[in-house]
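Structure file query39.cif with mmCIF, C-alpha atoms:
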data_input
#
loop_
_atom_site.label_atom_id
_atom_site.label_comp_id
_atom_site.auth_asym_id
_atom_site.auth_seq_id
_atom_site.Cartn_x
_atom_site.Cartn_y
_atom_site.Cartn_z
CA MET A 1 -42.26 -37.86 -77.45
CA ASN A 2 -43.45 -34.35 -76.92
CA THR A 3 -40.91 -31.97 -75.25
CA THR A 4 -43.56 -30.68 -72.85
CA LEU A 5 -44.35 -34.23 -71.75
CA LEU A 6 -40.64 -34.95 -71.16
CA ARG A 7 -40.29 -31.81 -69.03
CA LEU A 8 -43.36 -32.75 -67.06
CA MET A 9 -42.04 -36.27 -66.45
CA PHE A 10 -38.61 -34.92 -65.44
CA GLY A 11 -40.25 -32.45 -63.03
CA LEU A 12 -42.34 -35.23 -61.51
CA VAL A 13 -39.26 -37.43 -60.98
CA VAL A 14 -37.36 -34.54 -59.33
CA PHE A 15 -40.38 -33.82 -57.09
CA MET A 16 -40.62 -37.46 -56.03
CA ILE A 17 -36.90 -37.65 -55.20
CA LEU A 18 -37.00 -34.43 -53.16
CA SER A 19 -40.12 -35.59 -51.31
CA TYR A 20 -38.44 -38.89 -50.46
CA VAL A 21 -35.29 -37.14 -49.17
CA ILE A 22 -37.31 -34.71 -47.02
CA ILE A 23 -39.44 -37.49 -45.51
CA LYS A 24 -36.39 -39.67 -44.78
CA ASN A 25 -34.60 -36.72 -43.14
CA SER A 26 -37.67 -36.00 -41.01
CA ASP A 27 -37.93 -39.66 -39.95
CA ARG A 28 -34.23 -39.65 -38.99
CA GLN A 29 -34.65 -36.49 -36.90
CA ILE A 30 -37.67 -37.93 -35.08
CA ALA A 31 -35.75 -41.15 -34.35
CA GLU A 32 -32.79 -39.13 -32.98
CA ARG A 33 -35.07 -37.21 -30.62
CA GLU A 34 -36.82 -40.39 -29.44
CA THR A 35 -33.46 -42.07 -28.80
CA PHE A 36 -32.27 -39.04 -26.82
CA VAL A 37 -35.36 -39.03 -24.57
CA LYS A 38 -35.17 -42.80 -23.98
CA SER A 39 -31.45 -42.58 -23.18
CA LEU A 40 -32.24 -40.38 -20.17
CA HIS A 41 -33.91 -43.29 -18.33
CA LEU A 42 -35.81 -40.64 -16.40
CA LYS A 43 -38.64 -41.50 -14.06
CA VAL A 44 -40.13 -38.44 -12.39
CA THR A 45 -43.43 -37.38 -10.87
CA PHE A 46 -43.97 -33.69 -10.20
CA THR A 47 -46.66 -31.17 -9.35
CA ILE A 48 -46.90 -28.11 -11.55
CA GLU A 49 -46.13 -24.85 -9.73
CA ASP A 50 -46.04 -22.48 -12.68
CA MET A 51 -46.06 -22.35 -16.49
CA VAL A 52 -45.05 -20.06 -19.31
CA ARG A 53 -47.31 -20.51 -22.31
CA THR A 54 -46.05 -19.39 -25.70
CA ASN A 55 -47.74 -18.61 -28.97
CA ASN A 56 -45.74 -21.44 -30.48
CA HIS A 57 -48.36 -24.13 -31.20
CA GLY A 58 -49.18 -24.56 -27.50
CA ALA A 59 -45.60 -25.21 -26.41
CA GLY A 60 -44.30 -23.82 -23.16
CA ILE A 61 -42.17 -24.17 -20.08
CA ILE A 62 -43.55 -26.08 -17.09
CA TYR A 63 -42.10 -25.54 -13.62
CA GLY A 64 -42.74 -28.22 -11.01
CA ARG A 65 -41.90 -29.51 -7.55
CA ILE A 66 -40.69 -33.12 -7.63
CA ILE A 67 -42.69 -35.71 -5.72
CA LYS A 68 -40.53 -38.65 -6.79
CA SER A 69 -37.55 -38.99 -9.15
CA ASN A 70 -34.77 -41.41 -9.96
CA LYS A 71 -32.45 -38.45 -10.70
CA GLN A 72 -31.38 -35.71 -8.29
CA LYS A 73 -29.76 -33.48 -10.89
CA LEU A 74 -30.12 -33.44 -14.67
CA ASN A 75 -29.60 -31.05 -17.56
CA ALA A 76 -31.09 -32.75 -20.62
CA CYS A 77 -30.26 -30.70 -23.71
CA PHE A 78 -30.70 -32.30 -27.15
CA LYS A 79 -27.70 -31.49 -29.38
CA ASN A 80 -26.55 -29.02 -26.68
CA LYS A 81 -29.16 -26.56 -27.95
CA TYR A 82 -32.71 -27.70 -27.27
CA LEU A 83 -33.55 -27.94 -23.58
CA PHE A 84 -35.83 -30.87 -22.79
CA CYS A 85 -35.76 -30.78 -19.01
CA LYS A 86 -33.73 -29.85 -15.95
CA ILE A 87 -33.71 -31.14 -12.39
CA ASN A 88 -32.08 -29.44 -9.43
CA LYS A 89 -32.82 -29.19 -5.69
CA GLY A 90 -36.15 -30.99 -5.89
CA LYS A 91 -37.45 -28.85 -8.73
CA PHE A 92 -38.16 -29.76 -12.33
CA VAL A 93 -38.40 -27.72 -15.53
CA LEU A 94 -39.90 -29.27 -18.67
CA VAL A 95 -40.01 -27.67 -22.09
CA SER A 96 -43.31 -29.12 -23.17
CA GLN A 97 -44.83 -29.57 -26.58
CA THR A 98 -48.17 -28.54 -25.12
CA THR A 99 -49.41 -26.58 -22.14
CA GLU A 100 -53.04 -26.68 -23.21
CA ASP A 101 -55.41 -28.34 -20.72
CA ILE A 102 -52.63 -28.26 -18.11
CA ASN A 103 -52.96 -26.18 -14.96
CA VAL A 104 -51.02 -25.31 -11.83
CA ALA A 105 -51.42 -28.10 -9.23
CA ASP A 106 -51.78 -30.81 -11.89
CA THR A 107 -49.42 -33.77 -11.61
CA ILE A 108 -47.27 -35.12 -14.44
CA VAL A 109 -45.66 -38.57 -14.43
CA ILE A 110 -42.80 -39.13 -16.87
CA ASN A 111 -41.10 -42.40 -17.68
CA SER A 112 -38.75 -41.58 -20.57
CA ASP A 113 -38.66 -45.24 -21.59
CA LEU A 114 -42.28 -44.80 -22.72
CA PRO A 115 -43.48 -42.62 -25.62
CA ASN A 116 -46.07 -40.69 -23.56
CA TYR A 117 -46.31 -39.03 -20.17
CA THR A 118 -49.31 -39.18 -17.88
CA LEU A 119 -51.18 -36.10 -16.75
CA ARG A 120 -53.39 -36.15 -13.65
CA THR A 121 -55.32 -32.95 -13.38
CA SER A 122 -56.82 -31.35 -10.32
CA ARG A 123 -60.18 -32.09 -11.94
CA GLY A 124 -59.46 -35.83 -11.78
CA LEU A 125 -58.85 -36.16 -15.53
CA ILE A 126 -56.08 -38.52 -16.50
CA ASP A 127 -54.63 -37.96 -19.94
CA SER A 128 -51.62 -39.12 -21.92
CA GLN A 129 -49.47 -36.74 -23.95
CA PRO A 130 -46.58 -37.46 -26.34
CA LEU A 131 -43.12 -37.05 -24.84
CA TYR A 132 -40.57 -35.53 -27.18
CA VAL A 133 -37.99 -32.79 -27.64
CA ARG A 134 -39.12 -29.63 -29.42
CA THR A 135 -36.47 -28.52 -31.93
CA ASP A 136 -37.86 -25.30 -33.32
CA ASN A 137 -35.51 -22.34 -33.07
CA SER A 138 -38.07 -19.81 -31.85
CA LEU A 139 -38.87 -21.94 -28.79
CA SER A 140 -35.17 -22.64 -28.24
CA ASP A 141 -34.44 -18.90 -28.32
CA LEU A 142 -37.20 -18.25 -25.78
CA VAL A 143 -35.83 -20.90 -23.43
CA ASN A 144 -32.12 -20.18 -23.88
CA LYS A 145 -32.25 -16.39 -23.98
CA ASP A 146 -35.46 -14.86 -22.65
CA LYS A 147 -36.23 -17.38 -19.89
CA ALA A 148 -32.76 -18.73 -19.02
CA ALA A 149 -32.40 -16.52 -15.95
CA ASP A 150 -35.92 -17.44 -14.73
CA ILE A 151 -35.16 -21.14 -15.11
CA LYS A 152 -31.85 -20.87 -13.22
CA ARG A 153 -33.46 -18.82 -10.44
CA TYR A 154 -36.33 -21.32 -10.10
CA LEU A 155 -33.91 -24.25 -9.88
CA GLY A 156 -31.68 -22.43 -7.42
CA GLU A 157 -28.64 -22.56 -9.70
#
Any chance you could put this one into structure tokens?
Amino acid sequence: MNTTLLRLMFGLVVFMILSYVIIKNSDRQIAERETFVKSLHLKVTFTIEDMVRTNNHGAGIIYGRIIKSNKQKLNACFKNKYLFCKINKGKFVLVSQTTEDINVADTIVINSDLPNYTLRTSRGLIDSQPLYVRTDNSLSDLVNKDKAADIKRYLGE
């Protein structure tokens, strides 16, 4: 066989193995995040009072007043680094994967046993959005460093 052909075949095999490993790792990470959210057994309905939108693919921080919740206090942090949500003194903070098409006074209903949350807007629109933990470091830095004091002040901590 031609040496060039052998190198090409070897390169293709290495590429396929690396692709498989990356995809499997990604699937494992997604499953870990889904398990974390489901393990919260959180059922909460809240009205949005404020939001911080980022330039990070629509992600942001949503601040809300609780209408109904099965938890009075909660600090849900995936791997002790990535804040998902916090509850304290009738207030709720959600680090959301999207803040697009969401406005102050809209209502969000979360049941962490389900893969999506429900959004009822002030315009009457009802939508469903995926519910998951964002694990990108730039968003984590924003939440844990730049906005940590704002979040604590809002929750009365």
Q) Which of these residues is nearest to Asp101 in chain A, using all atoms listed in the file: A:His41, A:Arg153, A:Arg120, A:Lys147? A) A:Arg120
Q | Surrounding residues of Lys79 in chain A excluding itself and chain neighbours under 3 positions, 12 Å, all atoms listed in the file, as number ranges by chain | A | A: 29, 32-33, 36-37, 75-76, 82-84, 133-135, 140
Q: Enter the distance from CA of Asp136 in chain A to CA of Ile151 in chain A, in Å, rounded to one decimal.
A: 18.9 Å
Q | Length of the CA of Ile102 in chain A to CA of Val52 in chain A vector [Å] | A | 11.2 Å
Q | Selection dump of the PyMOL selection byres ((chain A and resi 88-96) around 8), as a list of chain:residue names | A | A:Phe46, A:Ala59, A:Gly60, A:Ile61, A:Ile62, A:Tyr63, A:Gly64, A:Arg65, A:Ile66, A:Gln72, A:Lys73, A:Leu74, A:Leu83, A:Phe84, A:Cys85, A:Lys86, A:Ile87, A:Gln97, A:Thr98, A:Thr99, A:Val133, A:Arg134, A:Ile151, A:Tyr154, A:Leu155, A:Gly156, A:Glu157
Q. CA of Asn103 in chain A to CA of Asn137 in chain A: how many Å, to one decimal?
A. 25.4 Å
Q) Quick one: which residues end up in the PyMOL selection byres ((chain A and resi 48) around 6) for this structure, as number ranges by chain? A) A: 47, 49-50, 63-64, 104-106
Q: List, as a list in words, every residue that the PyMOL selection byres ((chain A and resi 127) around 12) selects in the file provided.
A: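 This file gives the following for the PyMOL selection byres ((chain A and resi 127) around 12): Glu100, Asp101, Ile102, Asp106, Thr107, Ile108, Val109, Asn116, Tyr117, Thr118, Leu119, Arg120, Thr121, Ser122, Arg123, Gly124, Leu125, Ile126, Ser128, Gln129 and Pro130 of chain A.
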As a compact mmCIF listing (two decimals) with C-alpha atoms, in the frame of the given file, please: the residues near range 68-70 of chain A (cut-off 6 Å, all atoms listed in the file, same-chain neighbours under 2 positions excluded).
# COMPACT_ATOMS: atom_id res chain seq x y z
CA LYS A 43 -38.64 -41.50 -14.06
CA VAL A 44 -40.13 -38.44 -12.39
CA THR A 45 -43.43 -37.38 -10.87
CA ILE A 66 -40.69 -33.12 -7.63
Could range 25-144 of chain A be written out with C-alpha atoms, as a PDB file, in the first residue's frame, please?
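Below is the file that was written, result_12.pdb:
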ATOM      1  CA  ASN A  25     -17.974  13.343  27.122  1.00  0.00           C
ATOM      2  CA  SER A  26     -20.537  15.928  26.019  1.00  0.00           C
ATOM      3  CA  ASP A  27     -23.398  13.437  26.450  1.00  0.00           C
ATOM      4  CA  ARG A  28     -22.131  12.600  29.967  1.00  0.00           C
ATOM      5  CA  GLN A  29     -21.968  16.283  30.924  1.00  0.00           C
ATOM      6  CA  ILE A  30     -25.500  16.914  29.653  1.00  0.00           C
ATOM      7  CA  ALA A  31     -26.786  13.898  31.615  1.00  0.00           C
ATOM      8  CA  GLU A  32     -25.060  15.166  34.794  1.00  0.00           C
ATOM      9  CA  ARG A  33     -26.704  18.581  34.449  1.00  0.00           C
ATOM     10  CA  GLU A  34     -30.133  17.047  33.790  1.00  0.00           C
ATOM     11  CA  THR A  35     -29.776  14.785  36.837  1.00  0.00           C
ATOM     12  CA  PHE A  36     -28.782  17.763  38.993  1.00  0.00           C
ATOM     13  CA  VAL A  37     -31.836  19.811  37.937  1.00  0.00           C
ATOM     14  CA  LYS A  38     -34.221  16.871  38.440  1.00  0.00           C
ATOM     15  CA  SER A  39     -32.723  16.130  41.869  1.00  0.00           C
ATOM     16  CA  LEU A  40     -33.876  19.543  43.100  1.00  0.00           C
ATOM     17  CA  HIS A  41     -37.553  18.508  42.903  1.00  0.00           C
ATOM     18  CA  LEU A  42     -38.316  22.202  42.596  1.00  0.00           C
ATOM     19  CA  LYS A  43     -41.772  23.485  41.801  1.00  0.00           C
ATOM     20  CA  VAL A  44     -41.933  27.268  41.657  1.00  0.00           C
ATOM     21  CA  THR A  45     -44.026  29.944  39.993  1.00  0.00           C
ATOM     22  CA  PHE A  46     -42.697  33.487  39.984  1.00  0.00           C
ATOM     23  CA  THR A  47     -43.225  36.874  38.381  1.00  0.00           C
ATOM     24  CA  ILE A  48     -40.194  38.541  36.845  1.00  0.00           C
ATOM     25  CA  GLU A  49     -39.195  41.782  38.574  1.00  0.00           C
ATOM     26  CA  ASP A  50     -35.892  42.435  36.833  1.00  0.00           C
ATOM     27  CA  MET A  51     -33.328  40.880  34.475  1.00  0.00           C
ATOM     28  CA  VAL A  52     -29.695  41.202  33.546  1.00  0.00           C
ATOM     29  CA  ARG A  53     -29.124  40.294  29.923  1.00  0.00           C
ATOM     30  CA  THR A  54     -25.639  39.310  28.832  1.00  0.00           C
ATOM     31  CA  ASN A  55     -23.919  39.103  25.492  1.00  0.00           C
ATOM     32  CA  ASN A  56     -23.481  35.404  26.132  1.00  0.00           C
ATOM     33  CA  HIS A  57     -25.838  33.750  23.627  1.00  0.00           C
ATOM     34  CA  GLY A  58     -28.926  35.287  25.247  1.00  0.00           C
ATOM     35  CA  ALA A  59     -28.174  34.006  28.741  1.00  0.00           C
ATOM     36  CA  GLY A  60     -28.869  36.140  31.764  1.00  0.00           C
ATOM     37  CA  ILE A  61     -30.001  36.467  35.339  1.00  0.00           C
ATOM     38  CA  ILE A  62     -33.725  36.656  36.080  1.00  0.00           C
ATOM     39  CA  TYR A  63     -34.959  38.129  39.366  1.00  0.00           C
ATOM     40  CA  GLY A  64     -38.494  37.264  40.460  1.00  0.00           C
ATOM     41  CA  ARG A  65     -41.048  37.411  43.248  1.00  0.00           C
ATOM     42  CA  ILE A  66     -42.389  33.964  44.145  1.00  0.00           C
ATOM     43  CA  ILE A  67     -46.097  33.334  43.743  1.00  0.00           C
ATOM     44  CA  LYS A  68     -45.932  29.682  44.781  1.00  0.00           C
ATOM     45  CA  SER A  69     -43.051  27.344  45.688  1.00  0.00           C
ATOM     46  CA  ASN A  70     -42.444  24.025  47.373  1.00  0.00           C
ATOM     47  CA  LYS A  71     -39.129  25.372  48.759  1.00  0.00           C
ATOM     48  CA  GLN A  72     -38.640  28.334  51.088  1.00  0.00           C
ATOM     49  CA  LYS A  73     -34.868  28.500  50.771  1.00  0.00           C
ATOM     50  CA  LEU A  74     -32.551  27.004  48.157  1.00  0.00           C
ATOM     51  CA  ASN A  75     -29.058  27.542  46.800  1.00  0.00           C
ATOM     52  CA  ALA A  76     -28.753  25.295  43.739  1.00  0.00           C
ATOM     53  CA  CYS A  77     -25.164  25.367  42.492  1.00  0.00           C
ATOM     54  CA  PHE A  78     -24.022  22.686  40.038  1.00  0.00           C
ATOM     55  CA  LYS A  79     -20.579  21.351  41.037  1.00  0.00           C
ATOM     56  CA  ASN A  80     -20.386  24.194  43.598  1.00  0.00           C
ATOM     57  CA  LYS A  81     -19.520  26.582  40.770  1.00  0.00           C
ATOM     58  CA  TYR A  82     -22.415  27.145  38.376  1.00  0.00           C
ATOM     59  CA  LEU A  83     -25.398  28.844  39.987  1.00  0.00           C
ATOM     60  CA  PHE A  84     -28.700  27.539  38.669  1.00  0.00           C
ATOM     61  CA  CYS A  85     -31.106  29.246  41.046  1.00  0.00           C
ATOM     62  CA  LYS A  86     -31.556  30.656  44.527  1.00  0.00           C
ATOM     63  CA  ILE A  87     -34.597  31.139  46.734  1.00  0.00           C
ATOM     64  CA  ASN A  88     -34.769  33.287  49.835  1.00  0.00           C
ATOM     65  CA  LYS A  89     -37.457  35.386  51.557  1.00  0.00           C
ATOM     66  CA  GLY A  90     -40.032  34.941  48.798  1.00  0.00           C
ATOM     67  CA  LYS A  91     -37.637  35.924  46.030  1.00  0.00           C
ATOM     68  CA  PHE A  92     -36.141  33.830  43.258  1.00  0.00           C
ATOM     69  CA  VAL A  93     -33.032  34.208  41.109  1.00  0.00           C
ATOM     70  CA  LEU A  94     -32.602  32.064  37.992  1.00  0.00           C
ATOM     71  CA  VAL A  95     -29.518  31.937  35.800  1.00  0.00           C
ATOM     72  CA  SER A  96     -31.305  31.387  32.540  1.00  0.00           C
ATOM     73  CA  GLN A  97     -30.086  30.041  29.243  1.00  0.00           C
ATOM     74  CA  THR A  98     -32.184  32.675  27.510  1.00  0.00           C
ATOM     75  CA  THR A  99     -33.682  36.034  28.353  1.00  0.00           C
ATOM     76  CA  GLU A 100     -34.888  36.725  24.838  1.00  0.00           C
ATOM     77  CA  ASP A 101     -38.650  37.248  24.500  1.00  0.00           C
ATOM     78  CA  ILE A 102     -38.907  37.502  28.291  1.00  0.00           C
ATOM     79  CA  ASN A 103     -39.986  40.726  29.971  1.00  0.00           C
ATOM     80  CA  VAL A 104     -40.565  42.159  33.426  1.00  0.00           C
ATOM     81  CA  ALA A 105     -44.024  41.114  34.711  1.00  0.00           C
ATOM     82  CA  ASP A 106     -43.967  37.819  32.788  1.00  0.00           C
ATOM     83  CA  THR A 107     -44.596  34.668  34.815  1.00  0.00           C
ATOM     84  CA  ILE A 108     -42.391  31.574  34.767  1.00  0.00           C
ATOM     85  CA  VAL A 109     -43.486  28.161  36.038  1.00  0.00           C
ATOM     86  CA  ILE A 110     -40.738  25.650  36.799  1.00  0.00           C
ATOM     87  CA  ASN A 111     -41.152  21.988  37.637  1.00  0.00           C
ATOM     88  CA  SER A 112     -37.605  20.599  37.715  1.00  0.00           C
ATOM     89  CA  ASP A 113     -38.923  17.078  37.154  1.00  0.00           C
ATOM     90  CA  LEU A 114     -39.785  18.190  33.602  1.00  0.00           C
ATOM     91  CA  PRO A 115     -37.283  19.144  30.879  1.00  0.00           C
ATOM     92  CA  ASN A 116     -38.882  22.541  30.105  1.00  0.00           C
ATOM     93  CA  TYR A 117     -40.307  25.488  31.999  1.00  0.00           C
ATOM     94  CA  THR A 118     -43.431  27.390  31.041  1.00  0.00           C
ATOM     95  CA  LEU A 119     -43.411  31.089  30.263  1.00  0.00           C
ATOM     96  CA  ARG A 120     -46.602  33.158  30.433  1.00  0.00           C
ATOM     97  CA  THR A 121     -45.985  36.600  29.073  1.00  0.00           C
ATOM     98  CA  SER A 122     -47.869  39.784  29.778  1.00  0.00           C
ATOM     99  CA  ARG A 123     -48.937  39.602  26.126  1.00  0.00           C
ATOM    100  CA  GLY A 124     -50.749  36.320  26.782  1.00  0.00           C
ATOM    101  CA  LEU A 125     -48.161  34.200  24.964  1.00  0.00           C
ATOM    102  CA  ILE A 126     -47.420  30.861  26.545  1.00  0.00           C
ATOM    103  CA  ASP A 127     -44.110  29.321  25.583  1.00  0.00           C
ATOM    104  CA  SER A 128     -41.928  26.462  26.737  1.00  0.00           C
ATOM    105  CA  GLN A 129     -38.169  26.820  27.186  1.00  0.00           C
ATOM    106  CA  PRO A 130     -35.527  24.178  27.998  1.00  0.00           C
ATOM    107  CA  LEU A 131     -34.521  23.996  31.650  1.00  0.00           C
ATOM    108  CA  TYR A 132     -30.833  23.357  32.223  1.00  0.00           C
ATOM    109  CA  VAL A 133     -27.691  24.557  33.982  1.00  0.00           C
ATOM    110  CA  ARG A 134     -25.343  26.794  31.993  1.00  0.00           C
ATOM    111  CA  THR A 135     -21.729  25.714  32.547  1.00  0.00           C
ATOM    112  CA  ASP A 136     -19.738  28.256  30.605  1.00  0.00           C
ATOM    113  CA  ASN A 137     -17.057  30.016  32.613  1.00  0.00           C
ATOM    114  CA  SER A 138     -17.762  33.534  31.343  1.00  0.00           C
ATOM    115  CA  LEU A 139     -21.358  33.375  32.590  1.00  0.00           C
ATOM    116  CA  SER A 140     -20.215  31.770  35.848  1.00  0.00           C
ATOM    117  CA  ASP A 141     -17.712  34.592  36.379  1.00  0.00           C
ATOM    118  CA  LEU A 142     -20.425  37.188  35.764  1.00  0.00           C
ATOM    119  CA  VAL A 143     -22.745  35.541  38.287  1.00  0.00           C
ATOM    120  CA  ASN A 144     -20.159  34.678  40.943  1.00  0.00           C
TER     121      ASN A 144
END
